[in-house]
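Visitor: Encoded as structure tokens, here's the structure I'll be asking about.
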Amino acid sequence: MDSKDTLLQLSKTMPKTELHLHIEGTFEAEQMFAIAQRNQVPLKYQSVEALKAAYQFTNLQDFLDLYYQGMSVLLHEVDFYDLTMAYLTKVHEENVVHVEIFFDPQGHLSRGVAFETQITGIYRALQDAQQQWGMSFKLIMSFLRHLSEESAFETLELAKPFLNWIDGVGLDSSELGHPPEKFLRVFEACQALGLKVTAHAGEEGPPEYVWQAIEQIKVDRIDHGNRALEDEKLVAVIKEQELTLTVCPLSNLKLCVVNDMTDHPIKDMLALGLKATVNSDDPAYFGGYMQANYNALINDSDINKAELYQLAVNGITGSWMDQELKYQHLDTLKSLFS
Ligand code: HPA
Ligand code: ZN
């Protein structure tokens with residue numbers, strides 16, 4: 001039996017991937033205040049402490065209300081660069097070797113910030129991290145599901161000059177009342193352009209939304225997927241299709257998707273043969289980055305060495321990185337855990 005200390009140490013040294021990360025959700029309160037001041041944009045909160053004190057959420061919408069307020073200070077390319085570089089610097093120190101990052105263009109377009117401004121800042125930071133540290137990356141444009149499909153189509157038009165920078169598309173924001181099928185046609189258009197597709201499903205929404213994501217949208221993976229466990233047939237389909245679930249433990253705790261980390265379903269997912277991975281979602285709001293999520297699972301959910309290994313392997317195999325790179329990281333993991 002390996003001690004928790006051994007597992008914590010292994011989780012630190014092992015190469016990790018991040019497959020579910022909203023770049024706007026990495027906006028630390030300190031940096032938000034600094035950029036707000038730089039851009040002369042007023043914030044609703046008087047201080048960093050007052051803002052952080054508001055990070056008490058009972059559901060997804062509580063969080064989203066603050067998330068959209070926070071991102072409203074991002075105006076210029078350099079803001080998007082600084083935000084992205086701050087995140088990449090942090091996770092590089094945690095031995096994250098590959099990131100797949102969501103951004104929410106509609107959350108900025110609605111404030112008059114051009115698509116080009118957003119994506120150029122984010123992409124330049126990703127390129128710099130790749131050059132400096134060899135960190136590989138994919139970029140995922142996410143559609144806001146509380147808006148219309150027409151708005152998603154307009155966003156796709158704006159993205160077309162930048163398609164060589166965009167690897168996939170996602171679906172996020174308020175889940176309840178906005179099922180995946182609402183976006184069927186726009187996802188078909190994205191797939192026709194050669195983009196990968198993922199969607200948030202089963203975070204708060206029912207198993208039916210996960211069915212729609214798989215059978216109608218034909219997603220390449222599922223973000224969250226917690227509520228899929230309520231439906232045995234759905235579990236069998238996810239397993240048979242080897243769909244990766246990008247699970248976010250600390251996010252689930254903060255948004256009351258789970259009551260306690262000791263009740264987190266990630267061990268059940270693994271036991272059912274599902275390809276669960278560990279991710280941080282919106283780390284500035286949810287209490288920690290990649291390492292903190294692993295620490296929580298080791299300390300509170302009692303994952304064992306075999307489960308830790310499986311989670312790390314799933315993060316590599318479920319990513320969209322090149323096959324050759326996957327083999328390299330899998331070899332490293334194998335020797336670390338042997
Ligand atoms: N769920 C849905 N939408 C989001 C999230 C999330 O966890 N984070 C940012 N947008
Ligand atoms: Zn998310």
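Starting from 1 in every chain, residues are counted up; chains themselves are A, B, ... following the order of the structure tokens, and ligands are numbered from 1 as listed.
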So that I can see what lies close to Phe137 of chain A, please list as a PyMOL selection string the residues with an atom at most 6 Å from it, counting only C-alpha atoms and leaving out residues fewer than 4 positions away in the same chain.
Guide: chain A and resi 98-100
Visitor: Generate a file of the selected residues that holds N, CA and C atoms, formatted as a CSV table (one decimal), in the first residue's frame.
Guide:
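Output file selection-v4.csv is given in full below:
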```
chain,number,residue,atom,x,y,z
A,98,HIS,N,1.1,19.5,-21.6
A,98,HIS,CA,0.2,19.8,-22.8
A,98,HIS,C,-1.1,20.4,-22.3
A,99,VAL,N,-1.6,21.4,-23.0
A,99,VAL,CA,-2.8,22.1,-22.6
A,99,VAL,C,-3.8,22.2,-23.8
A,100,GLU,N,-5.0,22.0,-23.5
A,100,GLU,CA,-6.1,22.3,-24.5
A,100,GLU,C,-7.0,23.3,-23.9
```
Visitor: Can you list every residue of chain A that has an atom at most 8 Å from ligand 2, with its nearest atom pair and the distance in Å to one decimal, using only C-alpha atoms and all ligand atoms, ordered by chain then number, as JSON lines?
Guide:
```
{"residue": "A:His20", "atom": "CA", "partner": "ligand 2", "partner_atom_place_in_ligand_line": "1 (Zn)", "distance": 6.1}
{"residue": "A:Leu21", "atom": "CA", "partner": "ligand 2", "partner_atom_place_in_ligand_line": "1 (Zn)", "distance": 6.4}
{"residue": "A:His22", "atom": "CA", "partner": "ligand 2", "partner_atom_place_in_ligand_line": "1 (Zn)", "distance": 6.3}
{"residue": "A:Asp172", "atom": "CA", "partner": "ligand 2", "partner_atom_place_in_ligand_line": "1 (Zn)", "distance": 6.4}
{"residue": "A:Ser173", "atom": "CA", "partner": "ligand 2", "partner_atom_place_in_ligand_line": "1 (Zn)", "distance": 7.9}
{"residue": "A:His200", "atom": "CA", "partner": "ligand 2", "partner_atom_place_in_ligand_line": "1 (Zn)", "distance": 6.6}
{"residue": "A:Asp223", "atom": "CA", "partner": "ligand 2", "partner_atom_place_in_ligand_line": "1 (Zn)", "distance": 6.7}
{"residue": "A:His224", "atom": "CA", "partner": "ligand 2", "partner_atom_place_in_ligand_line": "1 (Zn)", "distance": 7.4}
{"residue": "A:Cys248", "atom": "CA", "partner": "ligand 2", "partner_atom_place_in_ligand_line": "1 (Zn)", "distance": 8.0}
{"residue": "A:Asp281", "atom": "CA", "partner": "ligand 2", "partner_atom_place_in_ligand_line": "1 (Zn)", "distance": 4.8}
{"residue": "A:Asp282", "atom": "CA", "partner": "ligand 2", "partner_atom_place_in_ligand_line": "1 (Zn)", "distance": 7.0}
```
Visitor: Can you tell me which residues surround Phe33 of chain A at a distance of at most 8 Å, considering only C-alpha atoms, apart from same-chain residues fewer than 5 positions away, and format the answer as a PyMOL selection string?
Guide: chain A and resi 43+47-48
Visitor: Would you mind exporting N, CA, C and O atoms of the selected residues as an mmCIF file, in the first residue's frame?
Guide:
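out23.cif, written as the output of this step:
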```cif
data_model
loop_
_atom_site.group_PDB
_atom_site.id
_atom_site.type_symbol
_atom_site.label_atom_id
_atom_site.label_comp_id
_atom_site.auth_asym_id
_atom_site.auth_seq_id
_atom_site.Cartn_x
_atom_site.Cartn_y
_atom_site.Cartn_z
ATOM 1 N N LEU A 43 -14.470 48.124 -11.538
ATOM 2 C CA LEU A 43 -14.915 46.800 -11.080
ATOM 3 C C LEU A 43 -15.966 47.003 -9.990
ATOM 4 O O LEU A 43 -15.945 48.003 -9.277
ATOM 5 N N SER A 47 -12.051 45.703 -3.531
ATOM 6 C CA SER A 47 -10.712 45.164 -3.292
ATOM 7 C C SER A 47 -10.644 43.709 -3.738
ATOM 8 O O SER A 47 -11.680 43.053 -3.935
ATOM 9 N N VAL A 48 -9.403 43.222 -3.840
ATOM 10 C CA VAL A 48 -9.161 41.815 -4.160
ATOM 11 C C VAL A 48 -9.864 40.924 -3.129
ATOM 12 O O VAL A 48 -10.517 39.929 -3.476
#
```
Visitor: Within 7 Å of Pro180 of chain A, counting only C-alpha atoms, which residues show up once you throw out same-chain ones fewer than 3 positions away? Write them as a list in words, please.
Guide: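 Answer for this query is Phe183, Leu184, Tyr209, Gln212 and Ala213 of chain A.
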Visitor: DSSP on the backbone, alpha helix (DSSP H) only: what residues of segment 6-39 of chain A does that give? Format it as a list in words.
Guide: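 Written out, the alpha helix (DSSP H) residues of segment 6-39 of chain A are Thr6, Leu7, Leu8, Gln9, Leu10, Ser11, Lys12, Thr13, Ala29, Glu30, Gln31, Met32, Phe33, Ala34, Ile35, Ala36, Gln37, Arg38 and Asn39 of chain A.
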Visitor: Could you write out the selected residues, including all heavy atoms, as a CSV table (one decimal), in the first residue's frame?
Guide:
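File produced: result_37.csv:
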```
chain,number,residue,atom,x,y,z
A,6,THR,N,3.7,9.3,-1.0
A,6,THR,CA,4.2,8.8,-2.2
A,6,THR,C,3.4,9.2,-3.4
A,6,THR,O,3.9,9.5,-4.5
A,6,THR,CB,4.3,7.2,-2.1
A,6,THR,OG1,4.9,6.9,-0.9
A,6,THR,CG2,5.0,6.6,-3.3
A,7,LEU,N,2.1,9.1,-3.3
A,7,LEU,CA,1.2,9.4,-4.4
A,7,LEU,C,1.3,10.9,-4.7
A,7,LEU,O,1.2,11.3,-5.9
A,7,LEU,CB,-0.2,9.0,-4.1
A,7,LEU,CG,-0.5,7.5,-3.9
A,7,LEU,CD1,-2.0,7.2,-3.7
A,7,LEU,CD2,0.1,6.7,-5.0
A,8,LEU,N,1.3,11.7,-3.7
A,8,LEU,CA,1.4,13.2,-3.9
A,8,LEU,C,2.7,13.5,-4.7
A,8,LEU,O,2.7,14.3,-5.6
A,8,LEU,CB,1.4,13.9,-2.6
A,8,LEU,CG,0.0,13.9,-1.9
A,8,LEU,CD1,0.2,14.5,-0.4
A,8,LEU,CD2,-1.0,14.8,-2.6
A,9,GLN,N,3.8,12.8,-4.3
A,9,GLN,CA,5.1,13.0,-5.0
A,9,GLN,C,5.0,12.6,-6.4
A,9,GLN,O,5.4,13.3,-7.3
A,9,GLN,CB,6.2,12.3,-4.2
A,9,GLN,CG,7.6,12.7,-4.6
A,9,GLN,CD,7.8,14.2,-4.6
A,9,GLN,OE1,7.3,14.9,-3.6
A,9,GLN,NE2,8.4,14.8,-5.6
A,10,LEU,N,4.4,11.4,-6.6
A,10,LEU,CA,4.3,10.9,-8.0
A,10,LEU,C,3.4,11.8,-8.9
A,10,LEU,O,3.8,12.1,-10.0
A,10,LEU,CB,3.6,9.5,-8.0
A,10,LEU,CG,4.4,8.3,-8.0
A,10,LEU,CD1,3.5,7.0,-7.9
A,10,LEU,CD2,5.2,8.2,-9.4
A,11,SER,N,2.4,12.3,-8.3
A,11,SER,CA,1.4,13.2,-9.0
A,11,SER,C,2.1,14.5,-9.4
A,11,SER,O,1.8,15.1,-10.4
A,11,SER,CB,0.2,13.5,-8.2
A,11,SER,OG,0.4,14.4,-7.2
A,12,LYS,N,3.1,14.9,-8.6
A,12,LYS,CA,3.9,16.1,-8.9
A,12,LYS,C,4.8,15.9,-10.1
A,12,LYS,O,4.9,16.7,-11.0
A,12,LYS,CB,4.7,16.6,-7.7
A,12,LYS,CG,3.9,17.3,-6.7
A,12,LYS,CD,4.8,18.1,-5.7
A,12,LYS,CE,3.9,18.8,-4.7
A,12,LYS,NZ,4.0,18.2,-3.3
A,13,THR,N,5.5,14.8,-10.0
A,13,THR,CA,6.6,14.5,-11.0
A,13,THR,C,6.0,14.0,-12.4
A,13,THR,O,6.7,14.2,-13.4
A,13,THR,CB,7.6,13.5,-10.5
A,13,THR,OG1,7.0,12.7,-9.6
A,13,THR,CG2,8.8,14.2,-9.9
A,29,ALA,N,-7.8,37.3,-9.1
A,29,ALA,CA,-8.3,38.6,-8.7
A,29,ALA,C,-7.3,39.7,-8.7
A,29,ALA,O,-7.5,40.8,-9.1
A,29,ALA,CB,-8.9,38.4,-7.3
A,30,GLU,N,-6.0,39.3,-8.3
A,30,GLU,CA,-5.0,40.3,-8.3
A,30,GLU,C,-4.7,40.8,-9.7
A,30,GLU,O,-4.6,42.0,-10.0
A,30,GLU,CB,-3.7,39.7,-7.8
A,30,GLU,CG,-3.7,39.4,-6.3
A,30,GLU,CD,-4.4,38.1,-5.9
A,30,GLU,OE1,-4.8,37.4,-6.8
A,30,GLU,OE2,-4.5,37.8,-4.7
A,31,GLN,N,-4.6,39.9,-10.7
A,31,GLN,CA,-4.4,40.3,-12.1
A,31,GLN,C,-5.6,41.1,-12.6
A,31,GLN,O,-5.4,42.0,-13.4
A,31,GLN,CB,-4.1,39.1,-12.9
A,31,GLN,CG,-3.6,39.4,-14.3
A,31,GLN,CD,-3.3,38.2,-15.2
A,31,GLN,OE1,-3.9,37.2,-15.1
A,31,GLN,NE2,-2.3,38.4,-16.1
A,32,MET,N,-6.8,40.7,-12.2
A,32,MET,CA,-8.0,41.3,-12.7
A,32,MET,C,-8.0,42.8,-12.3
A,32,MET,O,-8.3,43.7,-13.1
A,32,MET,CB,-9.2,40.6,-12.1
A,32,MET,CG,-10.5,41.0,-12.8
A,32,MET,SD,-11.9,40.2,-11.9
A,32,MET,CE,-11.6,38.5,-12.3
A,33,PHE,N,-7.6,43.0,-11.0
A,33,PHE,CA,-7.5,44.4,-10.6
A,33,PHE,C,-6.4,45.2,-11.3
A,33,PHE,O,-6.7,46.4,-11.6
A,33,PHE,CB,-7.3,44.5,-9.0
A,33,PHE,CG,-8.6,44.5,-8.3
A,33,PHE,CD1,-9.3,43.3,-8.1
A,33,PHE,CD2,-9.2,45.7,-7.8
A,33,PHE,CE1,-10.6,43.3,-7.5
A,33,PHE,CE2,-10.4,45.7,-7.1
A,33,PHE,CZ,-11.1,44.5,-7.0
A,34,ALA,N,-5.3,44.6,-11.5
A,34,ALA,CA,-4.2,45.3,-12.2
A,34,ALA,C,-4.6,45.7,-13.6
A,34,ALA,O,-4.4,46.8,-14.1
A,34,ALA,CB,-3.0,44.4,-12.2
A,35,ILE,N,-5.3,44.7,-14.3
A,35,ILE,CA,-5.6,45.0,-15.7
A,35,ILE,C,-6.8,46.0,-15.8
A,35,ILE,O,-6.9,46.9,-16.6
A,35,ILE,CB,-5.9,43.7,-16.5
A,35,ILE,CG1,-4.6,42.9,-16.7
A,35,ILE,CG2,-6.6,44.0,-17.9
A,35,ILE,CD1,-4.7,41.6,-17.4
A,36,ALA,N,-7.7,45.9,-14.8
A,36,ALA,CA,-8.8,46.9,-14.7
A,36,ALA,C,-8.3,48.3,-14.6
A,36,ALA,O,-8.7,49.2,-15.2
A,36,ALA,CB,-9.7,46.5,-13.5
A,37,GLN,N,-7.2,48.4,-13.7
A,37,GLN,CA,-6.7,49.7,-13.5
A,37,GLN,C,-5.9,50.2,-14.8
A,37,GLN,O,-6.1,51.3,-15.2
A,37,GLN,CB,-5.7,49.6,-12.4
A,37,GLN,CG,-5.3,51.0,-11.9
A,37,GLN,CD,-4.5,50.9,-10.6
A,37,GLN,OE1,-3.7,49.9,-10.4
A,37,GLN,NE2,-4.7,51.8,-9.7
A,38,ARG,N,-5.2,49.3,-15.4
A,38,ARG,CA,-4.5,49.6,-16.7
A,38,ARG,C,-5.4,50.1,-17.7
A,38,ARG,O,-5.1,51.0,-18.5
A,38,ARG,CB,-3.7,48.3,-17.1
A,38,ARG,CG,-2.9,48.4,-18.3
A,38,ARG,CD,-1.9,47.2,-18.3
A,38,ARG,NE,-2.5,46.1,-19.1
A,38,ARG,CZ,-1.9,44.9,-19.1
A,38,ARG,NH1,-0.8,44.6,-18.5
A,38,ARG,NH2,-2.5,43.9,-19.8
A,39,ASN,N,-6.6,49.5,-17.8
A,39,ASN,CA,-7.6,49.8,-18.8
A,39,ASN,C,-8.7,50.8,-18.4
A,39,ASN,O,-9.6,51.1,-19.2
A,39,ASN,CB,-8.3,48.5,-19.3
A,39,ASN,CG,-7.4,47.6,-20.1
A,39,ASN,OD1,-6.3,48.0,-20.5
A,39,ASN,ND2,-7.8,46.4,-20.3
```
Visitor: Which of these, A:Val237, A:Met269, A:Leu66, A:Ala292, has the shortest distance to Leu51 of chain A once you count only C-alpha atoms?
Guide: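 Between A:Val237, A:Met269, A:Leu66, A:Ala292, the residue approaching Leu51 of chain A most closely is A:Leu66.
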Visitor: If you measure from atom CA of Gly168 of chain A to atom CA of Ala201 of chain A, what distance in Å do you get, rounded to one decimal?
Guide: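 Interatomic distance here is 16.3 Å.
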